[in-house]
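In what follows, a structure is listed as C-alpha cells, so that the remarks can point back to it.
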Amino acid sequence: MSQHILKNTIEDLELVRSKSPLVHNITNYVVMNNTANALLAIGASPIMAHAIEEVEEMVTICSATVINIGTLSEPWIQSMEKAAKKAVSLGKPLVLDPVGAGASNIRNAAIRRILDAGNPTIVRGNASEILSTLSSSGKTKGVDATDSSESAVETGKSLSKVTGGVVVISGATDFILKGTDMAQISNGDALMTKVTGLGCTASALCGAFAAVQKDQFRAATSAMAVMGIAGEMAKSKTASPGSFQVAFLDALYELNADTIKQKLNAK
Amino acid sequence: MSQHILKNTIEDLELVRSKSPLVHNITNYVVMNNTANALLAIGASPIMAHAIEEVEEMVTICSATVINIGTLSEPWIQSMEKAAKKAVSLGKPLVLDPVGAGASNIRNAAIRRILDAGNPTIVRGNASEILSTLSSSGKTKGVDATDSSESAVETGKSLSKVTGGVVVISGATDFILKGTDMAQISNGDALMTKVTGLGCTASALCGAFAAVQKDQFRAATSAMAVMGIAGEMAKSKTASPGSFQVAFLDALYELNADTIKQKLNAK
Amino acid sequence: MSQHILKNTIEDLELVRSKSPLVHNITNYVVMNNTANALLAIGASPIMAHAIEEVEEMVTICSATVINIGTLSEPWIQSMEKAAKKAVSLGKPLVLDPVGAGASNIRNAAIRRILDAGNPTIVRGNASEILSTLSSSGKTKGVDATDSSESAVETGKSLSKVTGGVVVISGATDFILKGTDMAQISNGDALMTKVTGLGCTASALCGAFAAVQKDQFRAATSAMAVMGIAGEMAKSKTASPGSFQVAFLDALYELNADTIKQKLNAK
C-alpha cells in the first residue's frame with residue numbers, strides 16, 4: 001500500500017495548495033494561533049468562529065469543520081452540537097478531536113452530545129482519547145482500559161463502526177482506520193510531544209485534506225503523513241521544543257513531493 | 001508627500017517608544033499573544049481585558065482602545081459597545097478591526113452596534129471587510145461588491161464620511177483615507193498573508209500610534225509604514241511563515257530611523 | 001544560603017523531570033499556549049481547563065493548580081473560586097497570579113473572592129500586584145503605595161502573614177518570602193519584560209515545582225531560579241523579543257545542573 005499512500009499524499013497536498021479550502025475551526029484557546037498558522041502554512045484558509053449565532057453560516061461557507069473540545073464550556077458545547085448537525089446535514093466533512101476525553105464528566109458528555117448531533121467523518125485522538133470516546137458514545141460497554149497500540153486498534157475499529165467514519169489513533173505509529181481498512185504512518189518524532197497542540201494541528205490538517213479529498217480515509221492518511229514528515233523536517237533543524245514549534249510551521253510550508261518521497265514511512 | 005510621511009513615521013515611532021502608551025485591546029483569542037508581543041516590541045504597553053465590569057476602567061487608564069471582532073460572541077459584543085462608548089465620551093482614540101465582516105449576520109450586527117456606540121477614530125480592514133463595514137453601518141445601500149483596490153478606495157472614503165474618522169484599507173498597497181486626504185504605503189511582503197493575525201497586529205499598532213499622535217490620519221499612516229517595513233525586514237531573514245512570525249516581532253523591536261529611511265515606499 | 005539554593009534547584013528540577021507532574025491551569029487567553037509549552041519544556045504536563053463543571057475533577061487529578069486572573073470574567077472567577085476551595089480541601093499546592101491587580105474593581109474583587117475560597121500556597125506577582133493583592137485581601141489598610149523593592153518586601157511579608165503561604169515578588173531581583181524566611185534570585189534579563197506573559201510562565205513553573213516539592217518556599221525559589229537562568233540563556237542567543245520567546249522555551253528544555261551551577265545568582 002505504501003506506493004499508493006505516497007502517490008495520494010502528493011496529490012492531496014497539491015489539492016490543498018491549489019484549492020486553499022476554507023476550514024472552520026471550533027477549537028481550544030491554547031492552540032488557536034498555531035492551528036490557524038498550520039492551516040495557512042499547508043495552504044488552507046482557516047476560520048476560527050464559535051458563536052452559536054454564526055456557526056451554521058460558517059459551516060456553510062467552509063469546506064470542512066473541525067471541532068476540538070480542548071478548553072470546552074457549556075456555551076461552546078452547544079455551538080459544537082449545532083455545527084456538527086449542520087455539517088452532517090450539508091454532507092460536509094466533520095472532524096472531531098476529543099481532547100482530554102475521559103478526564104472529566106463534562107468532556108465525556110460533550111463527546112456524546114456531539115456524536116448524537118452528527119457523526120464525524122474523521123475522529124482523531126491518542127489511544128486513551130479514542131478509548132474514552134468509544135465509551136462516551138454510549139454504544140459500547142466493557143471496553144478494556146489498556147492503552148496499548150494493539151488494543152487501541154481494536155477500539156478504533158469499534159469506534160469506526162459506531163460513527164461510520166474514519167478513526168485516527170495518533171502515536172509513534174499513527175493508525176488510520178475505517179471499517180476493515182487500515183493504514184499506518186510511522187513518521188514523526190518524539191519531540192512533537194513536547195510542543196503543545198500538535199495533536200490539534202493534526203486534526204486541523206485532517207480537516208484541510210478532508211475538504212479537498214472526498215475519500216475521507218485517504219484524506220486522513222495524507223494529513224497524518226504530512227504531519228509526520230513535517231515533524232521530521234523540523235527535528236532536522238533543532239532538538240529543542242521552542243524552535244521546533246517554529247520549524248514545524250516552516251516545514252509544513254516547505255514540504256513538497258520530493259520530501260514526501262524521501263521520508264514517507266507508511267504501510 | 002513621501003518626505004512628510006518619512007519624517008512623521010520616524011517622529012511617531014520615537015513618541016511610541018518614549019511614551020510607551022498603555023493600549024487597551026478587546027481582541028480575538030487567535031492573536032492575543034502576538035498582538036501583545038507586537039505592542040511590546042514596538043515600545044507600547046498592552047492590556048488585554050474584555051470583562052464588561054472592567055472595560056470602562058480600562059478605557060480610562062489607557063491611551064487608546066482597539067476593538068477586534070475576530071472571535072466574537074454576544075458577551076464580548078456588549079463589552080465592545082461599552083468600551084466604544086466610553087472611549088468616545090473621553091475623546092480617546094478608538095480603533096475598530098472588523099475581522100470577517102460580511103461572513104455572518106452577527107458580525108455585521110456587531111459592527112453596526114459598535115459604530116452606533118461610538119465612531120472609531122480609525123477603522124482598519126482589508127478591502128472586503130471595509131466594504132462590508134460600510135454596508136453594515138446601515139448608512140448606505142447599493143454598495144458595489146467588487147473588491148478591487150479602486151472600488152475599495154471609494155468605499156473607504158464613503159466609510160470615512162460615515163464615521164468621520166480614518167479608514168485604512170490593507171493590501172499590497174495600504175490606503176489610508178480621511179475625507180479627501182489619502183496616503184499610500186507600498187511596503188510589506190506577500191508572506192505576511194501566510195501568518196495569522198498580522199492584520200490584527202496592524203490594527204493594534206494603529207492604536208499604539210494613535211495613542212501618542214493626535215492626528216489620527218498621520219498616526220495610522222505611521223503605523224502602516226512601520227508594519228510594512230517590519231515585514232520586509234522579516235522577509236530578508238526567512239522565506240517561511242513560522243520563522244517569519246518570529247522575525248517580524250524582532251523587526252518591530254529593531255527598526256529605527258535608518259531602516260525607515262532605507263525602506264519606506266510611501267506617497 | 002546560596003549553596004543551599006543551588007543544591008535544591010538542581011534536585012527540584014530533577015524531580016520535575018522525573019515525575020512529570022500534571023499541572024492544572026486556569027489562566028488567561030494571552031499566555032495559554034506559551035504557558036503550556038513552558039510546562040512541557042521544563043518537564044511537566046499541563047492541563048488547561050476552566051469549565052466550572054470540571055475544575056474540581058481537574059484539581060483532583062493534578063498535582064498542583066495555578067490560577068491566573070489575566071483575562072478574567074465572572075464565569076471564570078466562579079471556576080477559580082471552586083478550584084481554589086477544592087485544592088485547599090485536598091491539601092494540594094495552589095498558586096495565584098494576580099495579574100493586573102489594582103487595575104480594576106473586578107480584579108480586586110476576584111482576588112478577594114479567591115483568597116476567601118482558599119489560601120494559595122504561593123502568590124506570585126510584581127511589586128505593584130503584590131501590593132494590590134494585599135489591599136484586596138481586605139485584611140489590611142493604609143498600605144503605602146510606593147512600589148520600590150524595599151516597600152514591596154515588607155508588603156510581601158504582610159501578604160504572607162495573611163495567606164500563611166509563600167509570596168514571590170518578581171523584578172530585577174526576585175524576592176521569595178514566607179514568614180521570616182527570604183530568598184533572593186538575581187538572575188534574568190531586562191528583555192524578559194518585552195515578551196508578554198513571562199510572569200505568567202513564572203507562576204506556572206512555581207506550580208510545577210510546588211507539585212513535586214512539598215516545601216513550597218523551596219519550590220518557589222527553585223522555580224524562580226530556573227526562570228532567571230533560562231532568561232539569561234535565551235539572552236545569550238538573541239537580543240530581540242520574538243526570537244527570545246522561542247529561545248526561552250528552548251532554554252527551559254536545555255538547562256541542567258551545569259548551567260544552573262554556572263549562572264545561579266542567589267542569596
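Here's how to read the names in the C-alpha cells: chain A, B, ... by the order shown, residue numbers from 1 in each chain, ligand numbers from 1 in the order shown.
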Quick one: which residues from chain B are at most 10 Å off chain A, using only C-alpha atoms, as a PyMOL selection string? chain B and resi 28-34+70-74+100+103-107+193-197+238-246
What lies within 10 Å of Ser158 of chain C using only C-alpha atoms, ignoring chain neighbours under 3 positions off, as a list in words? Ile130, Leu131, Leu134, Lys139, Thr140, Ala152, Val153, Glu154, Thr155, Lys161, Val162, Thr163, Gly164, Val167, Leu177, Lys178 and Gly179 of chain C
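For the atom pair formed by atom CA of Asp181 of chain C and atom CA of Ser136 of chain C, the distance is 23.5 Å, given to one decimal.
Once Ala172 of chain A and its same-chain neighbours fewer than 3 positions away are set aside, Ser186, Asn187, Gly188, Asp189 and Ala190 of chain A remain within 8 Å of it when counting only C-alpha atoms.
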Could you dump the residues just selected with N, CA and C atoms as a short mmCIF file (atom, residue, chain, number, x, y, z; two decimals), in the first residue's frame?
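Result file is result-v8.cif:
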```cif
data_model
loop_
_atom_site.label_atom_id
_atom_site.label_comp_id
_atom_site.auth_asym_id
_atom_site.auth_seq_id
_atom_site.Cartn_x
_atom_site.Cartn_y
_atom_site.Cartn_z
N SER A 186 4.40 5.83 10.09
CA SER A 186 5.41 5.76 11.16
C SER A 186 6.43 6.88 11.04
N ASN A 187 5.97 8.04 10.60
CA ASN A 187 6.84 9.22 10.59
C ASN A 187 6.67 9.98 11.90
N GLY A 188 7.33 11.12 11.98
CA GLY A 188 7.21 11.95 13.18
C GLY A 188 8.40 11.80 14.10
N ASP A 189 8.36 12.50 15.23
CA ASP A 189 9.47 12.49 16.16
C ASP A 189 8.95 12.68 17.58
N ALA A 190 9.64 12.10 18.55
CA ALA A 190 9.18 12.18 19.94
C ALA A 190 9.13 13.62 20.45
#
```
So which bits of segment 94-254 of chain A end up helix (DSSP H, G or I) when you DSSP the backbone, as number ranges by chain? A: 105-117, 127-136, 149-163, 190-194, 198-212, 216-235, 241-254
Quick one: of B:Thr9, B:Ser151, B:Asn265, B:Ser236, who's nearest to Ser222 of chain B, counting only C-alpha atoms?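 Of all the options, B:Thr9 lies closest to Ser222 of chain B.
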When you look at Arg112 of chain C with a cut-off of 9 Å (counting only C-alpha atoms), what residues show up, excluding the ones that are within fewer than 2 positions of it in the same chain? I need them as a PyMOL selection string. chain C and resi 107-110+114-117+133+136-138
